[in-house]
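S.K.: Quick one: structure below, then a few questions.
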Amino acid sequence: MLDGKKILVGITGGISAYKTASLIRLLVKAGAEVKAVMSSAAKEFVSPLTIATLTKNPVYTDFFNPENGEWHSHVKLGIWADLYVIAPATANTIAKMAHGIADNLLLTTVLSARCKVMVAPAMDVDMFQNPITRQNIDILRSRGVVVAEAAEGELASGLTGKGRMAEPDDIFAQIEQQLAVVQDFSGKNILITAGPTREKIDPVRFVSNYSTGKMGYAIAECLASRGAQVVLVSGPVGLKPVNKNIRLIQVESAAQMYKACVEEFPHCHAAIMSAAVADYTPKAAAPEKIKKNGEKEFTLTLVPTPDIAAELGKTKGANQVLVGFALETENEALNAQKKLESKNFDFIVLNSLNDKGAGFGYDTNRVTIVHRNGKTCPFELKPKTEVANDIANELLQLLK
Ligand code: C5P
């Protein structure tokens, strides 16, 4: 299954582009999110409308939309994708890829792609056998591009030989193989908290923070894709879990998050507390909207919320692992160490608001993992999906 996997399909101008429509159907049916980039020659063989309908996404053909100037960023597409498959890949596109030419959106995205790139060559037998093409395919292979081998058979030219694009089933199987994730968390139940909490002041107002839940959701997706059964207790965010192994419990306040976590933790092997839980909540929420009272000051009395992490730390069994987060604005390492002990965390993920590109709302984060024994692992700034993988790897060591 390709649940939640993001696949970018590049289509170049070969007759077998019609087969790419079937490949896209297979990918979508398997749960992948698919976007497509087409070269201008590809549009002569298959209509962008067909591809857009099948992918359920607009098709990218140019760097910008000539009607409204909207910019289609090759960098964004390259970062978005978990895998970029170019099918069919013509001799021309293969040659350009081998030599770093980037004269259209499809090729420019090849250069900026951070993910695995796959090509499904498709051309006439003589072009395919041409030593230049052979050499170009070898260059791509040597740079880590996966080649879905062309097949033998009748060709559109009427000739017979090697050069037919691999069948959609075959390309699909190779994509699945490339994206196969080791199920090293299978059989593990993991509780994750994510997002902010909202503490009610009155029926229309609340106290909250800037957390978007991106980090917690990335951890949930990562663990679920590695086979864990995840219970995601989430405050109000604009995200939705994708993987079927994630059970979402939506809460609003710290008290509700506390209740859900205390109920779920006994059934879990580990908990990762990535939520930005409010430390204080209004002493009592006003039953009606609080009216403005002239120019007079207004005082809101706040009382502490239950510390969810500390409570789980108290009840933690010998085989359970508890992971905390710390966002500090000063004395980061010292405060993280203190929190590690006071809440009985096994390790803590320290992120700092002082780092550019890290923290609330960003898609990237720079974290340092601090263990109970003082072992400290600093990581560079990277996408939250990769940070999630680093955290999962640390957790796995403790669960073994
Ligand atoms: O003490 P501080 O709030 O900075 O600790 C942060 C860690 O504790 C995070 O892992 C956070 O999710 C967790 N926490 C919690 N319940 C609270 C406050 C924080 O679980 N009420």
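Labels used: A, B, ... for chains in the order of the structure tokens, numbers from 1 for residues in each chain, and numbers from 1 for ligands as shown.
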Please report, as CSV, each residue of chain A lying at most 9 Å from ligand 1, together with the nearest pair of atoms and the separation in Å rounded to one decimal; use only C-alpha atoms and all ligand atoms, and order rows by chain and ascending residue number.

M.R.:
residue,atom,partner,partner_atom_place_in_ligand_line,distance
A:Thr193,CA,ligand 1,12 (O),6.8
A:Ala194,CA,ligand 1,12 (O),7.6
A:Ala254,CA,ligand 1,21 (N),6.4
A:Ala255,CA,ligand 1,21 (N),8.6
A:Met257,CA,ligand 1,16 (N),8.5
A:Tyr258,CA,ligand 1,16 (N),7.5
A:Ile272,CA,ligand 1,10 (O),7.2
A:Met273,CA,ligand 1,12 (O),4.1
A:Ser274,CA,ligand 1,12 (O),4.5
A:Ala275,CA,ligand 1,12 (O),4.2
A:Ala276,CA,ligand 1,12 (O),5.3
A:Val277,CA,ligand 1,18 (C),4.8
A:Ala278,CA,ligand 1,21 (N),6.0
A:Asp279,CA,ligand 1,21 (N),5.2
A:Tyr280,CA,ligand 1,21 (N),8.0
A:Pro304,CA,ligand 1,21 (N),8.0
A:Thr305,CA,ligand 1,21 (N),5.5
A:Pro306,CA,ligand 1,21 (N),5.1
A:Asp307,CA,ligand 1,21 (N),3.5
A:Ile308,CA,ligand 1,20 (O),3.8
A:Ala309,CA,ligand 1,20 (O),3.6
A:Ala310,CA,ligand 1,20 (O),6.7
A:Glu311,CA,ligand 1,20 (O),8.1
A:Leu312,CA,ligand 1,20 (O),8.3
A:Val323,CA,ligand 1,10 (O),7.0
A:Gly324,CA,ligand 1,10 (O),3.6
A:Phe325,CA,ligand 1,10 (O),3.7
A:Ala326,CA,ligand 1,6 (C),4.8
A:Leu327,CA,ligand 1,4 (O),6.3
A:Glu328,CA,ligand 1,4 (O),7.3
A:Asn335,CA,ligand 1,4 (O),8.5
A:Ala336,CA,ligand 1,4 (O),8.3
A:Lys339,CA,ligand 1,1 (O),6.5
A:Leu340,CA,ligand 1,7 (C),8.9
A:Lys343,CA,ligand 1,8 (O),7.5
A:Phe345,CA,ligand 1,10 (O),8.7
A:Ile348,CA,ligand 1,10 (O),7.5
A:Val349,CA,ligand 1,10 (O),8.1

S.K.: Residues at most 9 Å from Tyr217 in chain A, counting only C-alpha atoms, excluding those fewer than 2 positions away in the same chain, as a list in words?

M.R.: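 Returned residues: Ile192, Thr193, Ala194, Gly195, Gly213, Lys214, Met215, Ile219, Ala220, Glu221, Cys222, Leu232, Ser234, Leu239, Lys240 and Pro241 of chain A.
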
S.K.: How would the residues just chosen look if you wrote them out with N, CA and C atoms as a PDB file, in the first residue's frame?

M.R.:
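Saved the output as part-v1.pdb:
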ATOM      1  N   ILE A 192       0.539   9.834  21.063  1.00  0.00           N
ATOM      2  CA  ILE A 192       1.213  11.097  20.712  1.00  0.00           C
ATOM      3  C   ILE A 192       0.256  12.250  21.018  1.00  0.00           C
ATOM      4  N   THR A 193       0.767  13.294  21.669  1.00  0.00           N
ATOM      5  CA  THR A 193      -0.047  14.500  21.810  1.00  0.00           C
ATOM      6  C   THR A 193       0.487  15.539  20.834  1.00  0.00           C
ATOM      7  N   ALA A 194      -0.418  16.343  20.302  1.00  0.00           N
ATOM      8  CA  ALA A 194       0.009  17.331  19.293  1.00  0.00           C
ATOM      9  C   ALA A 194      -0.871  18.572  19.348  1.00  0.00           C
ATOM     10  N   GLY A 195      -0.302  19.661  18.853  1.00  0.00           N
ATOM     11  CA  GLY A 195      -1.077  20.895  18.702  1.00  0.00           C
ATOM     12  C   GLY A 195      -1.160  21.692  19.994  1.00  0.00           C
ATOM     13  N   GLY A 213       0.795  21.985  15.335  1.00  0.00           N
ATOM     14  CA  GLY A 213       0.674  20.521  15.361  1.00  0.00           C
ATOM     15  C   GLY A 213       1.519  19.814  14.311  1.00  0.00           C
ATOM     16  N   LYS A 214       2.250  20.586  13.476  1.00  0.00           N
ATOM     17  CA  LYS A 214       2.978  19.962  12.360  1.00  0.00           C
ATOM     18  C   LYS A 214       3.971  18.907  12.835  1.00  0.00           C
ATOM     19  N   MET A 215       4.688  19.205  13.911  1.00  0.00           N
ATOM     20  CA  MET A 215       5.707  18.261  14.386  1.00  0.00           C
ATOM     21  C   MET A 215       5.046  16.968  14.885  1.00  0.00           C
ATOM     22  N   ILE A 219       5.293  13.119  13.386  1.00  0.00           N
ATOM     23  CA  ILE A 219       5.738  11.951  14.170  1.00  0.00           C
ATOM     24  C   ILE A 219       4.685  10.835  14.054  1.00  0.00           C
ATOM     25  N   ALA A 220       3.423  11.229  14.152  1.00  0.00           N
ATOM     26  CA  ALA A 220       2.346  10.231  14.056  1.00  0.00           C
ATOM     27  C   ALA A 220       2.393   9.516  12.706  1.00  0.00           C
ATOM     28  N   GLU A 221       2.543  10.288  11.617  1.00  0.00           N
ATOM     29  CA  GLU A 221       2.580   9.674  10.268  1.00  0.00           C
ATOM     30  C   GLU A 221       3.793   8.766  10.134  1.00  0.00           C
ATOM     31  N   CYS A 222       4.912   9.230  10.656  1.00  0.00           N
ATOM     32  CA  CYS A 222       6.149   8.466  10.533  1.00  0.00           C
ATOM     33  C   CYS A 222       6.020   7.113  11.256  1.00  0.00           C
ATOM     34  N   LEU A 232      -3.469   9.466  18.389  1.00  0.00           N
ATOM     35  CA  LEU A 232      -3.037  10.864  18.297  1.00  0.00           C
ATOM     36  C   LEU A 232      -4.060  11.738  19.033  1.00  0.00           C
ATOM     37  N   SER A 234      -5.081  15.195  19.811  1.00  0.00           N
ATOM     38  CA  SER A 234      -4.712  16.466  19.190  1.00  0.00           C
ATOM     39  C   SER A 234      -5.607  17.617  19.630  1.00  0.00           C
ATOM     40  N   LEU A 239      -4.894  20.266  10.529  1.00  0.00           N
ATOM     41  CA  LEU A 239      -4.301  19.090   9.870  1.00  0.00           C
ATOM     42  C   LEU A 239      -5.206  17.879  10.050  1.00  0.00           C
ATOM     43  N   LYS A 240      -5.024  16.911   9.155  1.00  0.00           N
ATOM     44  CA  LYS A 240      -5.774  15.657   9.284  1.00  0.00           C
ATOM     45  C   LYS A 240      -4.792  14.504   9.153  1.00  0.00           C
ATOM     46  N   PRO A 241      -4.892  13.485   9.985  1.00  0.00           N
ATOM     47  CA  PRO A 241      -3.989  12.355   9.785  1.00  0.00           C
ATOM     48  C   PRO A 241      -4.337  11.611   8.502  1.00  0.00           C
TER      49      PRO A 241
END

S.K.: Using backbone DSSP assignments, extract all strand (DSSP E or B) residues from range 5-137 of chain A; output them as an NGL selection string.

M.R.: :A and (6-11 or 33-38 or 60 or 64 or 71 or 83-89 or 116-121)

S.K.: Do you know which residues are at most 12 Å from Leu49 in chain A counting only C-alpha atoms, after dropping those on the same chain fewer than 5 positions away, and could you put them as JSON, numbers by chain?

M.R.: {"A": [21, 36, 38, 43, 54, 55, 56, 57, 58, 59, 60, 61]}

S.K.: Can you write out the residues you just picked, keeping N, CA, C and O atoms, as a compact mmCIF listing (two decimals), in the first residue's frame?

M.R.:
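Resulting contents of out-v8.txt:
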# COMPACT_ATOMS: atom_id res chain seq x y z
N ALA A 21 -1.61 7.05 -17.70
CA ALA A 21 -2.93 7.26 -17.08
C ALA A 21 -3.27 6.05 -16.20
O ALA A 21 -3.76 6.20 -15.07
N ALA A 36 1.17 15.68 -11.08
CA ALA A 36 1.86 15.39 -12.33
C ALA A 36 2.45 16.65 -12.95
O ALA A 36 1.89 17.74 -12.83
N MET A 38 3.97 17.79 -16.79
CA MET A 38 4.06 17.31 -18.17
C MET A 38 4.98 18.21 -18.97
O MET A 38 4.96 19.44 -18.80
N LYS A 43 1.85 16.89 -23.82
CA LYS A 43 0.45 17.34 -23.96
C LYS A 43 -0.13 16.97 -25.33
O LYS A 43 -1.34 16.98 -25.51
N LEU A 54 -7.47 12.31 -13.20
CA LEU A 54 -7.02 11.08 -12.53
C LEU A 54 -6.23 11.37 -11.25
O LEU A 54 -6.35 10.65 -10.27
N THR A 55 -5.40 12.42 -11.28
CA THR A 55 -4.59 12.71 -10.09
C THR A 55 -5.39 13.48 -9.04
O THR A 55 -4.99 13.57 -7.89
N LYS A 56 -6.52 14.06 -9.46
CA LYS A 56 -7.35 14.93 -8.61
C LYS A 56 -6.55 16.17 -8.19
O LYS A 56 -6.77 16.75 -7.13
N ASN A 57 -5.60 16.56 -9.02
CA ASN A 57 -4.78 17.74 -8.75
C ASN A 57 -4.55 18.48 -10.06
O ASN A 57 -4.52 17.85 -11.11
N PRO A 58 -4.32 19.78 -10.00
CA PRO A 58 -3.98 20.48 -11.24
C PRO A 58 -2.66 19.93 -11.79
O PRO A 58 -1.80 19.50 -11.02
N VAL A 59 -2.53 19.95 -13.11
CA VAL A 59 -1.29 19.45 -13.73
C VAL A 59 -0.34 20.62 -13.93
O VAL A 59 -0.76 21.72 -14.30
N TYR A 60 0.93 20.38 -13.67
CA TYR A 60 1.93 21.43 -13.85
C TYR A 60 2.59 21.24 -15.21
O TYR A 60 3.06 20.15 -15.53
N THR A 61 2.58 22.30 -16.02
CA THR A 61 3.22 22.19 -17.33
C THR A 61 4.25 23.30 -17.55
O THR A 61 5.22 23.10 -18.27

S.K.: Name the residues in contact with range 316-322 of chain A at a cut-off of 6 Å, using only C-alpha atoms, excluding same-chain residues fewer than 5 positions from it; report them as a short mmCIF file (atom, residue, chain, number, x, y, z; two decimals) with all heavy atoms, in the first residue's frame.

M.R.:
data_model
loop_
_atom_site.label_atom_id
_atom_site.label_comp_id
_atom_site.auth_asym_id
_atom_site.auth_seq_id
_atom_site.Cartn_x
_atom_site.Cartn_y
_atom_site.Cartn_z
N HIS A 269 2.92 1.34 24.50
CA HIS A 269 4.32 1.03 24.80
C HIS A 269 5.12 2.31 25.01
O HIS A 269 6.16 2.29 25.65
CB HIS A 269 4.95 0.23 23.65
CG HIS A 269 4.27 -1.08 23.42
ND1 HIS A 269 3.22 -1.25 22.54
CD2 HIS A 269 4.48 -2.29 23.99
CE1 HIS A 269 2.82 -2.51 22.57
NE2 HIS A 269 3.56 -3.16 23.44
N ALA A 270 4.65 3.39 24.43
CA ALA A 270 5.38 4.66 24.56
C ALA A 270 4.44 5.83 24.34
O ALA A 270 3.37 5.67 23.73
CB ALA A 270 6.50 4.72 23.52
N ALA A 271 4.84 6.98 24.85
CA ALA A 271 4.08 8.21 24.58
C ALA A 271 5.06 9.32 24.22
O ALA A 271 6.14 9.42 24.80
CB ALA A 271 3.27 8.60 25.82
N PHE A 345 10.95 11.79 31.91
CA PHE A 345 11.05 11.46 30.49
C PHE A 345 12.26 10.54 30.29
O PHE A 345 13.24 10.62 31.03
CB PHE A 345 11.30 12.72 29.65
CG PHE A 345 10.12 13.64 29.53
CD1 PHE A 345 10.30 15.03 29.60
CD2 PHE A 345 8.84 13.16 29.31
CE1 PHE A 345 9.23 15.89 29.46
CE2 PHE A 345 7.77 14.03 29.17
CZ PHE A 345 7.96 15.40 29.25
N ASP A 346 12.20 9.70 29.25
CA ASP A 346 13.38 8.89 28.90
C ASP A 346 14.32 9.69 28.02
O ASP A 346 15.52 9.55 28.09
CB ASP A 346 12.94 7.60 28.23
CG ASP A 346 12.20 6.73 29.22
OD1 ASP A 346 12.86 6.05 30.00
OD2 ASP A 346 10.94 6.80 29.28
#

S.K.: Skip Asn351 in chain A itself and residues of its chain fewer than 4 positions away, then list as number ranges by chain all residues within 12 Å of it, counting only C-alpha atoms.

M.R.: A: 215, 274, 324-333, 335-336, 355-360, 364-370, 378-381, 384, 387

S.K.: Which residue, A:Gly100, A:Gly187, A:Gly216, A:Pro88, has the smallest gap to Met165 in chain A when you use only C-alpha atoms?

M.R.: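 Nearest to Met165 in chain A: A:Pro88.
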
S.K.: I'd like the neighbourhood of range 129-143 of chain A as a PDB file with all heavy atoms, in the first residue's frame, where a residue qualifies if any of its atoms comes within 8 Å (using only C-alpha atoms), though same-chain residues fewer than 3 positions away should be ignored.

M.R.:
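Below is the file around00.pdb, written as the result:
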ATOM      1  N   ALA A  91      14.153   9.570 -24.885  1.00  0.00           N
ATOM      2  CA  ALA A  91      15.618   9.632 -25.023  1.00  0.00           C
ATOM      3  C   ALA A  91      16.087  11.053 -24.764  1.00  0.00           C
ATOM      4  O   ALA A  91      17.114  11.286 -24.123  1.00  0.00           O
ATOM      5  CB  ALA A  91      16.016   9.182 -26.423  1.00  0.00           C
ATOM      6  N   ILE A  94      15.941  11.800 -21.011  1.00  0.00           N
ATOM      7  CA  ILE A  94      16.998  11.028 -20.335  1.00  0.00           C
ATOM      8  C   ILE A  94      18.356  11.694 -20.572  1.00  0.00           C
ATOM      9  O   ILE A  94      19.156  11.857 -19.645  1.00  0.00           O
ATOM     10  CB  ILE A  94      16.983   9.561 -20.828  1.00  0.00           C
ATOM     11  CG1 ILE A  94      15.751   8.856 -20.238  1.00  0.00           C
ATOM     12  CG2 ILE A  94      18.262   8.820 -20.445  1.00  0.00           C
ATOM     13  CD1 ILE A  94      15.498   7.474 -20.765  1.00  0.00           C
ATOM     14  N   ALA A  95      18.591  12.128 -21.809  1.00  0.00           N
ATOM     15  CA  ALA A  95      19.873  12.767 -22.137  1.00  0.00           C
ATOM     16  C   ALA A  95      20.037  14.063 -21.337  1.00  0.00           C
ATOM     17  O   ALA A  95      21.092  14.343 -20.774  1.00  0.00           O
ATOM     18  CB  ALA A  95      19.933  13.056 -23.631  1.00  0.00           C
ATOM     19  N   MET A  97      18.546  14.839 -18.524  1.00  0.00           N
ATOM     20  CA  MET A  97      18.713  14.514 -17.094  1.00  0.00           C
ATOM     21  C   MET A  97      20.157  14.115 -16.800  1.00  0.00           C
ATOM     22  O   MET A  97      20.725  14.493 -15.785  1.00  0.00           O
ATOM     23  CB  MET A  97      17.796  13.340 -16.698  1.00  0.00           C
ATOM     24  CG  MET A  97      16.355  13.723 -16.477  1.00  0.00           C
ATOM     25  SD  MET A  97      15.337  12.250 -16.173  1.00  0.00           S
ATOM     26  CE  MET A  97      15.872  11.796 -14.530  1.00  0.00           C
ATOM     27  N   ALA A  98      20.728  13.329 -17.718  1.00  0.00           N
ATOM     28  CA  ALA A  98      22.088  12.834 -17.489  1.00  0.00           C
ATOM     29  C   ALA A  98      23.088  13.986 -17.452  1.00  0.00           C
ATOM     30  O   ALA A  98      24.165  13.861 -16.874  1.00  0.00           O
ATOM     31  CB  ALA A  98      22.455  11.830 -18.566  1.00  0.00           C
ATOM     32  N   VAL A 125      13.300   1.170 -30.879  1.00  0.00           N
ATOM     33  CA  VAL A 125      14.405   0.236 -30.622  1.00  0.00           C
ATOM     34  C   VAL A 125      15.779   0.825 -30.962  1.00  0.00           C
ATOM     35  O   VAL A 125      16.740   0.664 -30.211  1.00  0.00           O
ATOM     36  CB  VAL A 125      14.165  -1.120 -31.350  1.00  0.00           C
ATOM     37  CG1 VAL A 125      14.018  -0.943 -32.852  1.00  0.00           C
ATOM     38  CG2 VAL A 125      15.278  -2.110 -31.055  1.00  0.00           C
ATOM     39  N   ASP A 126      15.856   1.571 -32.077  1.00  0.00           N
ATOM     40  CA  ASP A 126      17.180   2.082 -32.477  1.00  0.00           C
ATOM     41  C   ASP A 126      17.661   3.198 -31.555  1.00  0.00           C
ATOM     42  O   ASP A 126      18.841   3.279 -31.232  1.00  0.00           O
ATOM     43  CB  ASP A 126      17.135   2.551 -33.932  1.00  0.00           C
ATOM     44  CG  ASP A 126      16.825   1.366 -34.841  1.00  0.00           C
ATOM     45  OD1 ASP A 126      17.532   0.350 -34.730  1.00  0.00           O
ATOM     46  OD2 ASP A 126      15.843   1.437 -35.599  1.00  0.00           O
ATOM     47  N   VAL A 146      16.561   5.272 -10.311  1.00  0.00           N
ATOM     48  CA  VAL A 146      16.086   3.898 -10.521  1.00  0.00           C
ATOM     49  C   VAL A 146      15.535   3.799 -11.943  1.00  0.00           C
ATOM     50  O   VAL A 146      14.760   4.664 -12.364  1.00  0.00           O
ATOM     51  CB  VAL A 146      14.970   3.550  -9.514  1.00  0.00           C
ATOM     52  CG1 VAL A 146      14.453   2.137  -9.736  1.00  0.00           C
ATOM     53  CG2 VAL A 146      15.485   3.719  -8.096  1.00  0.00           C
ATOM     54  N   VAL A 147      15.934   2.772 -12.655  1.00  0.00           N
ATOM     55  CA  VAL A 147      15.463   2.637 -14.034  1.00  0.00           C
ATOM     56  C   VAL A 147      14.482   1.469 -14.106  1.00  0.00           C
ATOM     57  O   VAL A 147      14.835   0.328 -13.803  1.00  0.00           O
ATOM     58  CB  VAL A 147      16.656   2.410 -14.995  1.00  0.00           C
ATOM     59  CG1 VAL A 147      16.167   2.266 -16.435  1.00  0.00           C
ATOM     60  CG2 VAL A 147      17.658   3.567 -14.875  1.00  0.00           C
TER      61      VAL A 147
END

S.K.: Could you please write out, as a PyMOL selection string, every residue of range 162-336 of chain A that DSSP assigns to helix (DSSP H, G or I)?

M.R.: chain A and resi 168-179+214-225+254-267+308-315+332-336

S.K.: If you measure from CA of Pro66 in chain A to CA of Ala81 in chain A, what distance in Å do you get, rounded to one decimal?

M.R.: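 CA of Ala81 in chain A lies 24.6 Å from CA of Pro66 in chain A.
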
S.K.: Which of these residues is nearest to Thr197 in chain A, using only C-alpha atoms: A:Leu77, A:Val233, A:Ala180, A:Ala173?

M.R.: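 Once distances to Thr197 in chain A are computed over only C-alpha atoms, the minimum belongs to A:Val233.
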
S.K.: Using only C-alpha atoms, which residue out of A:Ser208, A:Ala392, A:Gly238, A:Thr108 lies closest to Arg226 in chain A?

M.R.: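 Nearest candidate to Arg226 in chain A out of A:Ser208, A:Ala392, A:Gly238, A:Thr108: A:Ala392.
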
S.K.: Calculated over only C-alpha atoms, which of the candidates A:Val204, A:Ala388, A:Ile190, A:Leu106 has the smallest distance to Ser39 in chain A?

M.R.: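 Looking only at the distances to Ser39 in chain A, the closest residue turns out to be A:Leu106.
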